[in-house]
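Here is the structure we will look at.
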Amino acid sequence: MPREIVNIQVGQAGNQVGENFWRMLLAEHGLDEEGHYKGNDPLQIARVGVFFTEVEHSGSLNKYVPRSVQIDLEEGVCDRIRSGPLGGLFRPDTFVTGSTGAGNNWAKGFYTEGAELVDNILEIVRKQTEATEALQGFQLLHSLGGGTGAGLGSLLLSKFREEYPDRMLSTFSILPSPKVSETVVEPYNALLSVHQLVENSDMTICIDNEALYELTQRTLKIKHPAFDDLNNVVSQVMCGVSTSLRFPGQLNGDMRKLAMNLVPFPRLHFLVPSYAPLYDPKAKAYVRWNTKDLTSAVFDRANLLVACDPRFGRYLTAATIFRGNVSSQEAEHAILDLQRKNSTQFVEWIPDNVSVSLCSVPPVGHTQAATCLANTTAVQELFKRTLTQFAAMFKRRAFLHWYTGEGMDSMEFSEAESNTQDLIAEYQQYQEATADEEVEYEEEENAEGVEYEENVEEAEYQE
């Protein structure tokens, strides 16, 4: 019985990444662009039900339809998907578009324009979920810098949390880049979204464009990367995360298991993804990848999809997902070896904090691959960076009238700011924590208790 996932892609970035993701899924499951099975391996189709619904046609091939909802507050991107090569793949009633657009305004996505579409979207999602046998949860693709992905994406998350409280909510969130900024009000939109993500999501996988640009230029040797090249890397990680739901393997891990092993404290669920192997296609003949190489590559800063340096933080937990012909002993040894050599990088108060999943089916075009999701305290860099920019603008109340004009209160900005400051402080607290602290504290408590008992006995004796 498949444990199904419903895919929700919101806004321009979400839909562009989503389109690439579906293209990669089709290749992995041996389906053509119409959703008909053209593969020759029974493993490809065995658990295709995780992301696809099978529609039976008498006298012709069965069609596999994505369990997905495409949402945008303007029609352009969804129209491009409809008229593109994947136009015949999606169900026509799963496209939900507005006409005015959110204009990079979080408040329009959350309060005004987006709120008008929400009931319609929830109805479509309800139809999708009712057709499932054992719904695992939702994955939301959106960016935090714009209006639709950030505002409407946050609103949908809070609605899903109300309606499906016991289902997993994971998000792939594209954060503002440190140097490359698409819009001026990015810091506002991003922090208002983080404020919602902290409360409502179970796992947030952070991605940013600048790290992707660097990765494609430096490692893949593409001089002028287009969005398609960046989205390909993101799609590889997304396929890697869901791989053990979709294919059999020795050690399997689903969304719930991943979250269980990755999130030690409910608010600290912002994960840093990495992927290997990434190399220049021309150098393929000269590159050798074994389990040890893959392991060191996924913990290497050059392969991270987000611009933060894990050397300035410590790993609370990590999950590695190996694909292809990898023996469990090799994988365990490689991880153990890496932890032993870099023991200062991992917190000592969570022993064995790197989990391993193995899947026997490699990605298309590779013999082996690895995906890693790391929960590292270095992720606070991202929030600090955005918070500094947010504080500078908010101090002067710049651009605030656009948000208050849509019915927002400036208090919400102050709350988002203080919530993010708390989040950064929490990360810092656990980064500095050691294994012995709590023990010393307990000893002091016990000592006080003993002293207190002695005093009570003395008092009774004197009486």
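As shown in the structure tokens, the chain order sets the letters A, B, ...; within each chain, residues go from 1, and ligands are also counted from 1 in the order they appear.
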(request) List the neighbours of Asn353 in chain A out to 10 Å using only C-alpha atoms; skip same-chain residues closer than 4 positions along the sequence, and give me the result as a list in words. (result)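 Final neighbour list, sorted by chain and number: Asn261, Leu262, Tyr315, Leu316, Thr317, Ala318, Ala319, Gln339, Phe346, Val347, Glu348 and Trp349 of chain A.
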(request) Could you pull out the residues in range 157-215 of chain A that DSSP calls helix (DSSP H, G or I) from the backbone, as number ranges by chain? (result) A: 157-163, 186-200, 209-215
(request) Considering only C-alpha atoms, return as a list in words whatever protein or nucleic-acid residues lie within 12 Å of Asn419 in chain A, sequence-local ones (same chain, fewer than 4 positions apart) excluded. (result)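 Non-adjacent residues within range: Leu191, Leu192, Ser193, Val194, His195, Gln196, Leu197, Val198, Glu199, Arg267, Phe383, Leu387, Glu412, Phe413, Ser414, Glu415, Leu423, Ile424, Ala425 and Glu426 of chain A.
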(request) Between A:Val326, A:Val272, A:Val6, A:Ala13, single out the one closest to Glu381 in chain A, counting only C-alpha atoms. (result)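 Going through A:Val326, A:Val272, A:Val6, A:Ala13 one by one, the smallest distance to Glu381 in chain A is for A:Val272.
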(request) May I have the residues within 10 Å of Gly88 in chain A as a PyMOL selection string, using only C-alpha atoms and disregarding those fewer than 3 positions away in the same chain? (result) chain A and resi 33-35+65+81-85+91-92
Can you write out the residues you just picked, keeping C-alpha atoms, as an mmCIF file, in the first residue's frame?
```
data_model
loop_
_atom_site.group_PDB
_atom_site.id
_atom_site.type_symbol
_atom_site.label_atom_id
_atom_site.label_comp_id
_atom_site.auth_asym_id
_atom_site.auth_seq_id
_atom_site.Cartn_x
_atom_site.Cartn_y
_atom_site.Cartn_z
ATOM 1 C CA GLU A 33 5.067 13.125 -20.910
ATOM 2 C CA GLU A 34 1.441 12.035 -21.234
ATOM 3 C CA GLY A 35 1.731 9.804 -18.138
ATOM 4 C CA VAL A 65 -1.856 11.493 -13.228
ATOM 5 C CA ILE A 81 2.825 24.654 -17.980
ATOM 6 C CA ARG A 82 -0.576 23.971 -19.608
ATOM 7 C CA SER A 83 0.730 24.792 -23.087
ATOM 8 C CA GLY A 84 4.141 23.161 -22.543
ATOM 9 C CA PRO A 85 5.246 19.535 -23.019
ATOM 10 C CA ARG A 91 -5.585 17.245 -14.401
ATOM 11 C CA PRO A 92 -7.105 20.465 -15.811
#
```
(message) Measuring between only C-alpha atoms, which one of A:Leu294, A:Val48, A:Ala115, A:Leu305 shows the shortest distance to Ile5 in chain A?
(response)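 Closest residue, counting only C-alpha atoms: A:Val48.
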(request) Could you pull out the residues in range 96-260 of chain A that DSSP calls strand (DSSP E) from the backbone, as a list in words? (result)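 Matching residues, listed in order: Val96, Thr97, Ala134, Leu135, Gln136, Gly137, Phe138, Gln139, Leu140, Leu141, His142, Ser143, Met168, Leu169, Ser170, Thr171, Phe172, Ser173, Ile174, Leu175, Met203, Thr204, Ile205, Cys206, Ile207 and Asp208 of chain A.
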(message) Please list as number ranges by chain every residue within 10 Å of Thr295 in chain A, counting only C-alpha atoms and excluding residues in the same chain fewer than 6 positions away.
(response) A: 275-277, 289, 320-322, 331, 334-335, 337-338, 369-372
(message) What's around Asn252 in chain A at 10 Å? Count only C-alpha atoms, leave out sequence neighbours fewer than 5 positions away in its own chain, and write the answer as a list in words.
(response)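 Surrounding residues, per the criterion: Thr243, Ser244, Leu245, Phe247, Lys257, Leu258, Ile321, Val356, Ser357, Leu358 and Cys359 of chain A.
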(request) Measure the distance from CA of Gln345 in chain A to CA of Glu432 in chain A in Å and round it to one decimal. (result)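 Separation between CA of Gln345 in chain A and CA of Glu432 in chain A: 11.6 Å.
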Can you check which parts of range 99-205 of chain A lie within 10 Å of range 222-242 of chain A? Per residue, the shortest pair of atoms and distance in Å to one decimal, counting only C-alpha atoms, sorted by chain and number, as a tab-separated table.
```
residue	atom	partner	partner_atom	distance
A:Gln139	CA	A:Met238	CA	9.8
A:Phe172	CA	A:Met238	CA	8.3
A:Ile174	CA	A:Val234	CA	9.9
A:Ile205	CA	A:Met238	CA	9.5
```
(message) Would you pick out the contacts of range 20-31 of chain A at 6 Å or less, using only C-alpha atoms, so that residues sharing its chain but fewer than 5 positions from it are not included, and give the list as a PyMOL selection string?
(response) chain A and resi 36-39+44+235
Give me a file of those residues, with C-alpha atoms, as a PDB file, in the first residue's frame.
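That gives us again14.pdb:
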```
ATOM      1  CA  HIS A  36       1.743   6.429 -19.950  1.00  0.00           C
ATOM      2  CA  TYR A  37       4.158   3.711 -18.789  1.00  0.00           C
ATOM      3  CA  LYS A  38       6.956   3.061 -21.301  1.00  0.00           C
ATOM      4  CA  GLY A  39       9.561   1.464 -18.990  1.00  0.00           C
ATOM      5  CA  GLN A  44       9.691   1.503 -11.672  1.00  0.00           C
ATOM      6  CA  SER A 235      14.695  18.352  -8.309  1.00  0.00           C
TER       7      SER A 235
END
```
(message) Taking only C-alpha atoms into account, name the residue in A:Val184, A:Ala259, A:Cys308, A:Leu382 that is nearest to Phe399 in chain A.
(response) A:Val184
(message) Calculated over only C-alpha atoms, which of the candidates A:Tyr279, A:Phe270, A:Tyr430, A:Tyr164 has the smallest distance to Lys221 in chain A?
(response)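 The shortest atom-to-atom distance to Lys221 in chain A comes from A:Tyr279.
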(request) Please measure the separation of CA of Gly18 in chain A and CA of Ala150 in chain A, giving the value in Å to one decimal. (result) 15.7 Å
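The interatomic distance for the pair CA of Val50 in chain A and CA of Glu75 in chain A works out to 28.2 Å.
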